[in-house]
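Next up, final-v5.pdb (PDB, C-alpha atoms and all ligand atoms):
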ATOM      1  CA  MET A   1       0.000   0.000   0.000
ATOM      2  CA  LYS A   2       1.303   3.426  -0.904
ATOM      3  CA  ARG A   3       1.658   5.884   1.940
ATOM      4  CA  ARG A   4      -0.867   8.171   0.365
ATOM      5  CA  ASP A   5      -3.540   5.469   0.292
ATOM      6  CA  LYS A   6      -3.025   4.921   3.981
ATOM      7  CA  ILE A   7      -4.024   8.506   4.752
ATOM      8  CA  ILE A   8      -7.148   8.280   2.647
ATOM      9  CA  LEU A   9      -8.151   4.998   4.272
ATOM     10  CA  MET A  10      -7.730   6.286   7.798
ATOM     11  CA  LYS A  11     -11.005   6.932   9.591
ATOM     12  CA  THR A  12     -11.951  10.574  10.045
ATOM     13  CA  LEU A  13     -11.996  12.208  13.465
ATOM     14  CA  LEU A  14     -15.789  12.179  13.525
ATOM     15  CA  GLU A  15     -15.782   8.457  12.736
ATOM     16  CA  TYR A  16     -13.394   7.817  15.623
ATOM     17  CA  VAL A  17     -15.534   9.935  17.942
ATOM     18  CA  LYS A  18     -18.744   8.170  16.902
ATOM     19  CA  ASP A  19     -17.035   4.827  17.350
ATOM     20  CA  ALA A  20     -15.938   5.864  20.862
ATOM     21  CA  GLU A  21     -19.498   6.983  21.597
ATOM     22  CA  LYS A  22     -20.858   3.604  20.562
ATOM     23  CA  ARG A  23     -18.349   1.729  22.702
ATOM     24  CA  HIS A  24     -18.816   4.036  25.732
ATOM     25  CA  VAL A  25     -15.185   5.070  25.771
ATOM     26  CA  ALA A  26     -13.653   8.490  25.140
ATOM     27  CA  ILE A  27     -10.913   9.923  22.986
ATOM     28  CA  GLY A  28      -8.157  11.772  24.838
ATOM     29  CA  HIS A  29      -7.515  15.418  23.972
ATOM     30  CA  PHE A  30      -4.137  16.568  25.268
ATOM     31  CA  ASN A  31      -2.742  20.081  25.039
ATOM     32  CA  ILE A  32       0.867  20.712  24.150
ATOM     33  CA  SER A  33       3.068  23.793  23.866
ATOM     34  CA  ASP A  34       6.159  22.323  22.244
ATOM     35  CA  SER A  35       7.644  19.323  20.466
ATOM     36  CA  GLU A  36       8.451  17.580  23.775
ATOM     37  CA  GLY A  37       4.793  17.633  24.726
ATOM     38  CA  PHE A  38       3.911  16.334  21.290
ATOM     39  CA  LYS A  39       6.431  13.515  21.671
ATOM     40  CA  ALA A  40       4.951  12.498  25.019
ATOM     41  CA  VAL A  41       1.368  12.311  23.697
ATOM     42  CA  ILE A  42       2.335  10.487  20.503
ATOM     43  CA  GLU A  43       4.512   7.904  22.244
ATOM     44  CA  SER A  44       1.748   7.080  24.733
ATOM     45  CA  ALA A  45      -0.891   6.822  21.982
ATOM     46  CA  LYS A  46       1.373   4.577  19.926
ATOM     47  CA  GLU A  47       2.109   2.295  22.856
ATOM     48  CA  LEU A  48      -1.610   1.848  23.516
ATOM     49  CA  ASN A  49      -2.569   1.862  19.838
ATOM     50  CA  LEU A  50      -5.255   4.523  20.328
ATOM     51  CA  PRO A  51      -6.396   7.561  18.351
ATOM     52  CA  VAL A  52      -5.559  10.850  19.987
ATOM     53  CA  ILE A  53      -6.309  14.551  19.634
ATOM     54  CA  ILE A  54      -3.544  17.120  20.013
ATOM     55  CA  GLY A  55      -4.940  20.395  21.309
ATOM     56  CA  VAL A  56      -3.351  23.795  20.980
ATOM     57  CA  SER A  57      -4.956  26.906  22.402
ATOM     58  CA  GLU A  58      -4.378  30.272  20.720
ATOM     59  CA  LYS A  59      -1.337  30.954  22.924
ATOM     60  CA  GLU A  60       0.021  27.408  22.666
ATOM     61  CA  ARG A  61      -0.140  27.481  18.885
ATOM     62  CA  SER A  62       1.475  30.879  18.645
ATOM     63  CA  PHE A  63       4.372  29.647  20.842
ATOM     64  CA  LEU A  64       4.997  26.475  18.839
ATOM     65  CA  GLY A  65       4.024  27.886  15.444
ATOM     66  CA  VAL A  66       1.037  26.770  13.412
ATOM     67  CA  ALA A  67       3.107  25.472  10.487
ATOM     68  CA  GLU A  68       5.376  23.595  12.893
ATOM     69  CA  ILE A  69       2.573  21.824  14.739
ATOM     70  CA  ARG A  70       0.864  20.971  11.470
ATOM     71  CA  ALA A  71       4.094  19.446  10.199
ATOM     72  CA  LEU A  72       4.544  17.364  13.357
ATOM     73  CA  VAL A  73       1.000  15.990  13.056
ATOM     74  CA  ALA A  74       1.345  15.388   9.306
ATOM     75  CA  VAL A  75       4.448  13.248   9.831
ATOM     76  CA  GLU A  76       2.579  10.976  12.246
ATOM     77  CA  LYS A  77      -0.511  10.848  10.024
ATOM     78  CA  GLU A  78       1.642   9.771   7.114
ATOM     79  CA  LYS A  79       2.921   6.916   9.239
ATOM     80  CA  GLY A  80      -0.719   5.901   9.689
ATOM     81  CA  LEU A  81      -1.172   7.066  13.267
ATOM     82  CA  PRO A  82      -4.671   8.400  13.952
ATOM     83  CA  VAL A  83      -3.634  11.738  15.395
ATOM     84  CA  PHE A  84      -5.803  14.814  14.937
ATOM     85  CA  LEU A  85      -5.162  18.487  15.463
ATOM     86  CA  ASN A  86      -7.632  20.682  17.300
ATOM     87  CA  ALA A  87      -7.605  24.479  17.522
ATOM     88  CA  ASP A  88      -8.578  24.571  21.185
ATOM     89  CA  HIS A  89     -10.466  27.565  22.679
ATOM     90  CA  THR A  90     -10.536  30.056  19.862
ATOM     91  CA  TYR A  91     -12.205  33.217  21.040
ATOM     92  CA  SER A  92     -12.986  35.029  17.794
ATOM     93  CA  VAL A  93     -14.512  34.247  14.437
ATOM     94  CA  VAL A  94     -11.392  35.610  12.706
ATOM     95  CA  ALA A  95      -9.020  33.291  14.597
ATOM     96  CA  SER A  96     -11.389  30.345  14.014
ATOM     97  CA  ARG A  97     -11.372  31.022  10.284
ATOM     98  CA  GLU A  98      -7.582  31.059  10.374
ATOM     99  CA  ALA A  99      -7.594  27.636  12.033
ATOM    100  CA  VAL A 100      -9.827  26.330   9.236
ATOM    101  CA  ASP A 101      -7.493  27.875   6.659
ATOM    102  CA  HIS A 102      -4.541  26.243   8.395
ATOM    103  CA  ASN A 103      -6.030  22.782   7.959
ATOM    104  CA  PHE A 104      -6.802  21.986  11.564
ATOM    105  CA  ASP A 105      -9.034  18.910  11.850
ATOM    106  CA  SER A 106     -11.308  20.714  14.255
ATOM    107  CA  VAL A 107     -11.806  24.107  15.805
ATOM    108  CA  ILE A 108     -13.452  25.187  19.040
ATOM    109  CA  ILE A 109     -15.195  28.523  18.810
ATOM    110  CA  ASP A 110     -15.499  29.564  22.412
ATOM    111  CA  GLY A 111     -18.269  32.059  23.002
ATOM    112  CA  ALA A 112     -19.152  30.576  26.392
ATOM    113  CA  GLU A 113     -18.554  33.851  28.188
ATOM    114  CA  LYS A 114     -20.765  35.761  25.751
ATOM    115  CA  PRO A 115     -24.547  36.106  26.040
ATOM    116  CA  PHE A 116     -26.419  33.115  24.542
ATOM    117  CA  PHE A 117     -27.441  34.724  21.251
ATOM    118  CA  GLU A 118     -24.064  36.303  20.633
ATOM    119  CA  ASN A 119     -22.482  32.890  21.207
ATOM    120  CA  VAL A 120     -24.971  31.343  18.769
ATOM    121  CA  MET A 121     -24.275  33.964  16.099
ATOM    122  CA  MET A 122     -20.492  33.667  16.205
ATOM    123  CA  THR A 123     -20.618  29.878  16.346
ATOM    124  CA  LYS A 124     -22.946  29.795  13.341
ATOM    125  CA  GLU A 125     -20.568  31.954  11.369
ATOM    126  CA  VAL A 126     -17.672  29.582  12.034
ATOM    127  CA  VAL A 127     -19.786  26.532  11.156
ATOM    128  CA  LYS A 128     -20.740  28.131   7.830
ATOM    129  CA  TYR A 129     -17.105  28.941   7.023
ATOM    130  CA  ALA A 130     -15.905  25.461   8.005
ATOM    131  CA  ARG A 131     -18.616  23.732   5.929
ATOM    132  CA  GLU A 132     -17.757  25.756   2.822
ATOM    133  CA  HIS A 133     -14.088  24.925   3.186
ATOM    134  CA  ALA A 134     -14.691  21.288   3.977
ATOM    135  CA  GLU A 135     -16.645  20.983   0.764
ATOM    136  CA  ALA A 136     -14.131  22.899  -1.339
ATOM    137  CA  ASP A 137     -11.121  21.039   0.102
ATOM    138  CA  ARG A 138     -12.966  17.714   0.264
ATOM    139  CA  ARG A 139     -11.959  17.071   3.839
ATOM    140  CA  GLU A 140     -13.595  16.970   7.241
ATOM    141  CA  ILE A 141     -13.447  20.059   9.483
ATOM    142  CA  LEU A 142     -15.336  19.752  12.748
ATOM    143  CA  VAL A 143     -16.601  22.698  14.744
ATOM    144  CA  GLU A 144     -17.123  22.473  18.484
ATOM    145  CA  GLY A 145     -19.354  24.909  20.316
ATOM    146  CA  GLU A 146     -19.292  25.762  24.018
ATOM    147  CA  LEU A 147     -22.146  26.760  26.241
ATOM    148  CA  GLY A 148     -21.813  27.581  29.945
ATOM    149  CA  PHE A 149     -18.719  29.273  31.382
ATOM    150  CA  ILE A 150     -16.172  26.987  33.082
ATOM    151  CA  GLY A 151     -13.304  29.450  33.593
ATOM    152  CA  SER A 152     -10.289  29.818  31.326
ATOM    153  CA  GLY A 153      -6.616  28.890  31.355
ATOM    154  CA  SER A 154      -4.838  25.775  32.611
ATOM    155  CA  LYS A 155      -3.289  26.593  35.935
ATOM    156  CA  ILE A 156      -3.470  25.732  39.610
ATOM    157  CA  LEU A 157      -6.303  27.724  41.182
ATOM    158  CA  ASP A 158      -6.821  28.565  44.846
ATOM    159  CA  ASP A 159     -10.542  28.151  44.430
ATOM    160  CA  ILE A 160     -13.323  27.714  41.885
ATOM    161  CA  PRO A 161     -13.045  30.682  39.485
ATOM    162  CA  ASP A 162     -15.455  33.625  39.692
ATOM    163  CA  GLY A 163     -18.470  33.271  37.477
ATOM    164  CA  VAL A 164     -18.513  29.467  37.684
ATOM    165  CA  SER A 165     -21.222  27.925  39.803
ATOM    166  CA  GLU A 166     -23.990  25.388  39.630
ATOM    167  CA  LYS A 167     -26.140  28.144  38.154
ATOM    168  CA  THR A 168     -23.830  28.483  35.145
ATOM    169  CA  GLN A 169     -24.144  24.796  34.273
ATOM    170  CA  THR A 170     -25.686  24.106  30.891
ATOM    171  CA  THR A 171     -29.293  22.994  30.881
ATOM    172  CA  ALA A 172     -30.507  20.311  28.485
ATOM    173  CA  GLU A 173     -32.990  22.785  27.051
ATOM    174  CA  ASP A 174     -30.336  25.416  26.254
ATOM    175  CA  ALA A 175     -28.018  22.721  24.895
ATOM    176  CA  LYS A 176     -30.695  21.515  22.499
ATOM    177  CA  MET A 177     -31.478  25.042  21.317
ATOM    178  CA  PHE A 178     -27.789  25.889  20.878
ATOM    179  CA  VAL A 179     -26.955  22.740  18.927
ATOM    180  CA  GLU A 180     -29.999  22.994  16.673
ATOM    181  CA  GLU A 181     -29.358  26.666  15.944
ATOM    182  CA  THR A 182     -25.623  26.434  15.330
ATOM    183  CA  MET A 183     -25.397  22.958  13.741
ATOM    184  CA  VAL A 184     -22.043  22.335  15.452
ATOM    185  CA  ASP A 185     -20.463  18.873  15.194
ATOM    186  CA  LEU A 186     -19.323  18.614  18.812
ATOM    187  CA  PHE A 187     -20.693  20.187  21.969
ATOM    188  CA  ALA A 188     -18.922  21.164  25.187
ATOM    189  CA  PRO A 189     -21.299  21.799  28.097
ATOM    190  CA  SER A 190     -20.659  23.131  31.575
ATOM    191  CA  VAL A 191     -21.434  20.233  33.906
ATOM    192  CA  GLY A 192     -19.427  20.927  37.044
ATOM    193  CA  ASN A 193     -16.131  20.890  35.144
ATOM    194  CA  VAL A 194     -13.621  23.716  35.650
ATOM    195  CA  HIS A 195     -10.619  24.781  33.600
ATOM    196  CA  GLY A 196      -7.465  24.464  35.646
ATOM    197  CA  LEU A 197      -6.852  22.510  38.809
ATOM    198  CA  VAL A 198      -8.634  23.665  41.936
ATOM    199  CA  LYS A 199      -6.463  23.443  45.091
ATOM    200  CA  THR A 200      -9.454  23.061  47.389
ATOM    201  CA  GLY A 201     -10.657  20.107  45.305
ATOM    202  CA  GLU A 202     -12.518  19.870  42.000
ATOM    203  CA  PRO A 203     -16.283  20.185  42.182
ATOM    204  CA  LYS A 204     -18.071  16.915  41.419
ATOM    205  CA  LEU A 205     -19.192  16.425  37.856
ATOM    206  CA  ASN A 206     -22.936  16.607  37.355
ATOM    207  CA  ILE A 207     -23.472  13.137  35.905
ATOM    208  CA  GLU A 208     -27.263  13.496  35.796
ATOM    209  CA  ARG A 209     -26.912  16.696  33.770
ATOM    210  CA  ILE A 210     -24.612  14.958  31.289
ATOM    211  CA  LYS A 211     -27.261  12.251  30.847
ATOM    212  CA  GLU A 212     -29.984  14.861  30.281
ATOM    213  CA  ILE A 213     -27.889  16.751  27.720
ATOM    214  CA  ARG A 214     -26.932  13.483  26.045
ATOM    215  CA  LYS A 215     -30.641  12.758  25.562
ATOM    216  CA  ALA A 216     -31.411  16.288  24.336
ATOM    217  CA  VAL A 217     -28.712  16.597  21.652
ATOM    218  CA  SER A 218     -27.716  14.139  18.973
ATOM    219  CA  ILE A 219     -24.043  15.071  18.600
ATOM    220  CA  PRO A 220     -20.994  13.886  20.608
ATOM    221  CA  LEU A 221     -20.230  15.636  23.910
ATOM    222  CA  VAL A 222     -16.847  16.933  25.028
ATOM    223  CA  LEU A 223     -15.660  17.318  28.623
ATOM    224  CA  HIS A 224     -13.231  20.189  29.170
ATOM    225  CA  GLY A 225     -11.142  20.889  32.232
ATOM    226  CA  ALA A 226     -10.957  17.267  33.361
ATOM    227  CA  SER A 227      -7.602  17.748  35.114
ATOM    228  CA  GLY A 228      -8.079  16.998  38.783
ATOM    229  CA  ASN A 229     -11.421  15.235  38.430
ATOM    230  CA  SER A 230     -11.412  11.816  40.085
ATOM    231  CA  ASP A 231     -11.081   8.686  37.958
ATOM    232  CA  GLU A 232     -14.485   7.588  39.180
ATOM    233  CA  ASP A 233     -16.120  10.866  38.117
ATOM    234  CA  ILE A 234     -14.511  10.704  34.670
ATOM    235  CA  ARG A 235     -15.545   7.048  34.247
ATOM    236  CA  GLU A 236     -19.139   7.954  35.143
ATOM    237  CA  ALA A 237     -19.096  10.971  32.811
ATOM    238  CA  ILE A 238     -17.986   8.802  29.902
ATOM    239  CA  LYS A 239     -20.657   6.255  30.735
ATOM    240  CA  ALA A 240     -23.206   9.072  30.808
ATOM    241  CA  GLY A 241     -22.306  10.230  27.300
ATOM    242  CA  ILE A 242     -18.959  12.062  27.090
ATOM    243  CA  SER A 243     -16.914  11.101  24.006
ATOM    244  CA  ILE A 244     -13.856  13.380  24.204
ATOM    245  CA  VAL A 245     -12.020  14.349  27.403
ATOM    246  CA  HIS A 246      -9.620  17.322  27.642
ATOM    247  CA  ILE A 247      -6.536  17.260  29.859
ATOM    248  CA  ASN A 248      -4.064  20.111  30.107
ATOM    249  CA  THR A 249      -3.189  21.342  33.621
ATOM    250  CA  GLU A 250      -2.079  17.913  34.891
ATOM    251  CA  LEU A 251       0.238  17.630  31.881
ATOM    252  CA  ARG A 252       1.762  21.034  32.582
ATOM    253  CA  ILE A 253       2.418  20.124  36.213
ATOM    254  CA  ALA A 254       4.029  16.794  35.207
ATOM    255  CA  TYR A 255       6.154  18.410  32.512
ATOM    256  CA  LYS A 256       7.484  21.076  34.844
ATOM    257  CA  LYS A 257       8.198  18.525  37.561
ATOM    258  CA  GLY A 258      10.127  16.367  35.088
ATOM    259  CA  ILE A 259      12.208  19.213  33.727
ATOM    260  CA  GLU A 260      13.010  20.404  37.240
ATOM    261  CA  LYS A 261      14.243  16.903  38.040
ATOM    262  CA  GLY A 262      16.348  16.920  34.868
ATOM    263  CA  MET A 263      17.783  20.339  35.638
ATOM    264  CA  SER A 264      18.695  19.465  39.211
ATOM    265  CA  THR A 265      21.781  17.542  38.025
ATOM    266  CA  ASP A 266      24.854  18.789  36.145
ATOM    267  CA  GLU A 267      23.424  17.359  32.940
ATOM    268  CA  LEU A 268      23.929  19.714  30.000
ATOM    269  CA  ALA A 269      22.366  17.786  27.125
ATOM    270  CA  PRO A 270      18.818  19.040  26.509
ATOM    271  CA  TYR A 271      17.791  15.651  25.140
ATOM    272  CA  LYS A 272      18.599  14.245  28.555
ATOM    273  CA  PHE A 273      17.167  16.829  30.922
ATOM    274  CA  MET A 274      14.142  17.520  28.708
ATOM    275  CA  ALA A 275      13.547  13.780  28.420
ATOM    276  CA  GLU A 276      12.595  13.776  32.101
ATOM    277  CA  GLY A 277       9.752  16.174  31.278
ATOM    278  CA  VAL A 278       8.599  13.936  28.430
ATOM    279  CA  GLU A 279       8.650  10.887  30.701
ATOM    280  CA  GLU A 280       6.559  12.587  33.401
ATOM    281  CA  MET A 281       4.044  13.804  30.837
ATOM    282  CA  LYS A 282       3.829  10.342  29.296
ATOM    283  CA  LYS A 283       2.870   8.860  32.651
ATOM    284  CA  ILE A 284      -0.173  11.165  32.784
ATOM    285  CA  VAL A 285      -1.170  10.653  29.135
ATOM    286  CA  THR A 286      -0.923   6.887  29.438
ATOM    287  CA  ALA A 287      -2.904   6.780  32.690
ATOM    288  CA  LYS A 288      -5.636   9.013  31.215
ATOM    289  CA  LEU A 289      -5.867   7.067  27.963
ATOM    290  CA  LYS A 290      -6.246   3.847  29.941
ATOM    291  CA  LEU A 291      -8.933   5.463  32.084
ATOM    292  CA  PHE A 292     -10.852   6.867  29.088
ATOM    293  CA  ASN A 293     -10.731   3.501  27.323
ATOM    294  CA  GLY A 294     -11.445   1.210  30.267
ATOM    295  CA  LEU A 295      -8.022  -0.468  29.939
TER     296      LEU A 295
HETATM  297 ZN    ZN B   1     -11.031  23.606  27.553
END

Represent the structure of the file as structure tokens.
Amino acid sequence: MKRRDKIILMKTLLEYVKDAEKRHVAIGHFNISDSEGFKAVIESAKELNLPVIIGVSEKERSFLGVAEIRALVAVEKEKGLPVFLNADHTYSVVASREAVDHNFDSVIIDGAEKPFFENVMMTKEVVKYAREHAEADRREILVEGELGFIGSGSKILDDIPDGVSEKTQTTAEDAKMFVEETMVDLFAPSVGNVHGLVKTGEPKLNIERIKEIRKAVSIPLVLHGASGNSDEDIREAIKAGISIVHINTELRIAYKKGIEKGMSTDELAPYKFMAEGVEEMKKIVTAKLKLFNGL
């Protein structure tokens, strides 16, 4: 088989997500900022033979470079590895369009902090743009919409961020209206999840709410901010209808810890002291992938 054929024969991201949905497992979405992070995610996915989504927020992709991250992903895709690239949390229509133009597999237009109708309008605009390009380029471009604020950034927080409470959780009714209006491919609700890692303990995920939303909308659901949530909570959330789970903060903590360990010796070779960061990150990615896939 020619290498090119392999790419064409690979399942699309949506097919992998739907397959995960059917089997009550979830696909791991891991954020990276550099090639070491990429290496950690890819090595773990390869070892477990699982599809994986690489996420880069607006700041992460500007640090690494859009062309650079695309090239890294393309190399793995050519080898036949089911790795997909997501433009994580993109806060404007303009930046979302750029992600479509840059051949990302999926883009998250994040209007969660905006009033409902403003969020709907901007999400619709991105969906329209993505559909036109998908058709013209004959490829799949998924758009994920967000409803219900869950905080922003991937850091260690003293407490639950302002503006996030049980009241800001997404209702099944709003979810249904949002999905029907925008025609997004993937939907990220607010169900007790919080971006970042809360020192005082993560709030419990609202499993009942996930079930209600699952019933109300017909597209796959995405859980953001799953760093710090207990294994049991994540397992229940997947059982209730989550098909993609995002992890970032725990990876950042592991990476930093690893590099610090590497730097604490007289070692001068970056491929040795940085390797410690990769190893620590891999431990998290592997553990999460096992958890998401019931392995
Ligand atoms: Zn997120």

Practice item. Could you give me, as a VMD selection string, the residues within 8 Å of stretch 14-31 of chain A, counting only C-alpha atoms and dropping anything in the same chain fewer than 4 positions from it? Key: chain A and resid 37 41 51 to 57 142 220 238 to 239 241 to 248 251 285 288 to 289 292 to 294

**Study point:** Interatomic distance, atom CA of A:Arg131 to atom ZN of ligand ZN 1 (chain B) (Å, one decimal)
**Key:**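 Taking atom CA of A:Arg131 and atom ZN of ligand ZN 1 (chain B), their separation equals 22.9 Å.
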
Exercise for review: Taking the file as shown, find all residues satisfying the PyMOL selection byres (((not hetatm)) within 8 of (chain B and resi 1)) and write them as a PyMOL selection string.
Suggested key: chain A and resi 88-89+152-153+195+223-225+246

Check your understanding: What residues come out when you apply the PyMOL selection byres (((chain A and resi 255-272) around 12) and not hetatm) to this file, written as a PyMOL selection string?
Key -> chain A and resi 31-41+248-254+273-285

Write the selection just made, keeping C-alpha atoms, as a PDB file, in the frame of the given file?
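Saved as again23.pdb:
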ATOM      1  CA  ASN A  31      -2.742  20.081  25.039  1.00  0.00           C
ATOM      2  CA  ILE A  32       0.867  20.712  24.150  1.00  0.00           C
ATOM      3  CA  SER A  33       3.068  23.793  23.866  1.00  0.00           C
ATOM      4  CA  ASP A  34       6.159  22.323  22.244  1.00  0.00           C
ATOM      5  CA  SER A  35       7.644  19.323  20.466  1.00  0.00           C
ATOM      6  CA  GLU A  36       8.451  17.580  23.775  1.00  0.00           C
ATOM      7  CA  GLY A  37       4.793  17.633  24.726  1.00  0.00           C
ATOM      8  CA  PHE A  38       3.911  16.334  21.290  1.00  0.00           C
ATOM      9  CA  LYS A  39       6.431  13.515  21.671  1.00  0.00           C
ATOM     10  CA  ALA A  40       4.951  12.498  25.019  1.00  0.00           C
ATOM     11  CA  VAL A  41       1.368  12.311  23.697  1.00  0.00           C
ATOM     12  CA  ASN A 248      -4.064  20.111  30.107  1.00  0.00           C
ATOM     13  CA  THR A 249      -3.189  21.342  33.621  1.00  0.00           C
ATOM     14  CA  GLU A 250      -2.079  17.913  34.891  1.00  0.00           C
ATOM     15  CA  LEU A 251       0.238  17.630  31.881  1.00  0.00           C
ATOM     16  CA  ARG A 252       1.762  21.034  32.582  1.00  0.00           C
ATOM     17  CA  ILE A 253       2.418  20.124  36.213  1.00  0.00           C
ATOM     18  CA  ALA A 254       4.029  16.794  35.207  1.00  0.00           C
ATOM     19  CA  PHE A 273      17.167  16.829  30.922  1.00  0.00           C
ATOM     20  CA  MET A 274      14.142  17.520  28.708  1.00  0.00           C
ATOM     21  CA  ALA A 275      13.547  13.780  28.420  1.00  0.00           C
ATOM     22  CA  GLU A 276      12.595  13.776  32.101  1.00  0.00           C
ATOM     23  CA  GLY A 277       9.752  16.174  31.278  1.00  0.00           C
ATOM     24  CA  VAL A 278       8.599  13.936  28.430  1.00  0.00           C
ATOM     25  CA  GLU A 279       8.650  10.887  30.701  1.00  0.00           C
ATOM     26  CA  GLU A 280       6.559  12.587  33.401  1.00  0.00           C
ATOM     27  CA  MET A 281       4.044  13.804  30.837  1.00  0.00           C
ATOM     28  CA  LYS A 282       3.829  10.342  29.296  1.00  0.00           C
ATOM     29  CA  LYS A 283       2.870   8.860  32.651  1.00  0.00           C
ATOM     30  CA  ILE A 284      -0.173  11.165  32.784  1.00  0.00           C
ATOM     31  CA  VAL A 285      -1.170  10.653  29.135  1.00  0.00           C
TER      32      VAL A 285
END

Exercise for review: Compute the distance from (-12.4, 23.7, 5.9) to each atom, counting only C-alpha atoms, keep the residues with any atom at most 7 Å away, and return them as a list in words; use the coordinates of the file.
Suggested key: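 It turns out the residues near that spot are Val100, Asp101, Asn103, Ala130, Arg131, Glu132, His133, Ala134, Asp137, Arg139, Glu140 and Ile141 of chain A.
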
Exercise for review: To verify the selection step, state as a PyMOL selection string which residues the PyMOL selection byres (((chain A and resi 149) around 9) and not hetatm) yields on this input.
Suggested key: chain A and resi 111-114+146-148+150-152+163-165+168-170+189-190+194

**Study point:** Nearby residues (only C-alpha atoms) at most 9 Å from A:Leu291, same-chain spacing under 4 positions excluded, as a ChimeraX atom specification
**Key:** /A:25-26,231,234-235,286-287,295

Exercise for review: With a distance cut-off of 8 Å and only C-alpha atoms, select the neighbouring residues of A:Asp110, excluding the residue or stretch itself and same-chain residues fewer than 4 positions from it, and output the selection as a list in words.
Suggested key: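 Those residues are His89, Thr90, Tyr91, Ser92, Asn119, Thr123, Gly145 and Glu146 of chain A.
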
Review point. What is the distance between atom CA of A:Asp158 and atom CA of A:Ala237, in Å to one decimal?
Key: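 Spanning atom CA of A:Asp158 to atom CA of A:Ala237 is a straight-line distance of 24.6 Å.
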
Generate the missing atoms of stretch 160-174 of chain A up to N, CA and C atoms and report them as a PDB file, keeping the file's coordinate frame.
ATOM      1  N   ILE A 160     -12.519  27.723  43.106  1.00  0.00           N
ATOM      2  CA  ILE A 160     -13.323  27.714  41.885  1.00  0.00           C
ATOM      3  C   ILE A 160     -13.391  29.140  41.328  1.00  0.00           C
ATOM      4  N   PRO A 161     -13.099  29.324  40.025  1.00  0.00           N
ATOM      5  CA  PRO A 161     -13.045  30.682  39.485  1.00  0.00           C
ATOM      6  C   PRO A 161     -14.372  31.431  39.579  1.00  0.00           C
ATOM      7  N   ASP A 162     -14.258  32.774  39.649  1.00  0.00           N
ATOM      8  CA  ASP A 162     -15.455  33.625  39.692  1.00  0.00           C
ATOM      9  C   ASP A 162     -16.301  33.378  38.449  1.00  0.00           C
ATOM     10  N   GLY A 163     -17.573  33.426  38.623  1.00  0.00           N
ATOM     11  CA  GLY A 163     -18.470  33.271  37.477  1.00  0.00           C
ATOM     12  C   GLY A 163     -18.777  31.827  37.155  1.00  0.00           C
ATOM     13  N   VAL A 164     -18.201  30.877  37.909  1.00  0.00           N
ATOM     14  CA  VAL A 164     -18.513  29.467  37.684  1.00  0.00           C
ATOM     15  C   VAL A 164     -19.258  28.948  38.905  1.00  0.00           C
ATOM     16  N   SER A 165     -20.452  28.481  38.693  1.00  0.00           N
ATOM     17  CA  SER A 165     -21.222  27.925  39.803  1.00  0.00           C
ATOM     18  C   SER A 165     -22.225  26.941  39.223  1.00  0.00           C
ATOM     19  N   GLU A 166     -22.996  26.335  40.113  1.00  0.00           N
ATOM     20  CA  GLU A 166     -23.990  25.388  39.630  1.00  0.00           C
ATOM     21  C   GLU A 166     -24.986  26.070  38.698  1.00  0.00           C
ATOM     22  N   LYS A 167     -25.190  27.375  38.959  1.00  0.00           N
ATOM     23  CA  LYS A 167     -26.140  28.144  38.154  1.00  0.00           C
ATOM     24  C   LYS A 167     -25.665  28.327  36.716  1.00  0.00           C
ATOM     25  N   THR A 168     -24.331  28.283  36.510  1.00  0.00           N
ATOM     26  CA  THR A 168     -23.830  28.483  35.145  1.00  0.00           C
ATOM     27  C   THR A 168     -23.721  27.164  34.373  1.00  0.00           C
ATOM     28  N   GLN A 169     -24.166  26.068  34.996  1.00  0.00           N
ATOM     29  CA  GLN A 169     -24.144  24.796  34.273  1.00  0.00           C
ATOM     30  C   GLN A 169     -25.162  24.827  33.135  1.00  0.00           C
ATOM     31  N   THR A 170     -24.839  24.118  32.081  1.00  0.00           N
ATOM     32  CA  THR A 170     -25.686  24.106  30.891  1.00  0.00           C
ATOM     33  C   THR A 170     -26.933  23.257  31.129  1.00  0.00           C
ATOM     34  N   THR A 171     -28.076  23.804  30.759  1.00  0.00           N
ATOM     35  CA  THR A 171     -29.293  22.994  30.881  1.00  0.00           C
ATOM     36  C   THR A 171     -29.501  22.226  29.577  1.00  0.00           C
ATOM     37  N   ALA A 172     -30.236  21.135  29.669  1.00  0.00           N
ATOM     38  CA  ALA A 172     -30.507  20.311  28.485  1.00  0.00           C
ATOM     39  C   ALA A 172     -31.281  21.113  27.445  1.00  0.00           C
ATOM     40  N   GLU A 173     -32.164  21.965  27.938  1.00  0.00           N
ATOM     41  CA  GLU A 173     -32.990  22.785  27.051  1.00  0.00           C
ATOM     42  C   GLU A 173     -32.134  23.770  26.236  1.00  0.00           C
ATOM     43  N   ASP A 174     -31.227  24.476  26.942  1.00  0.00           N
ATOM     44  CA  ASP A 174     -30.336  25.416  26.254  1.00  0.00           C
ATOM     45  C   ASP A 174     -29.403  24.673  25.293  1.00  0.00           C
TER      46      ASP A 174
END
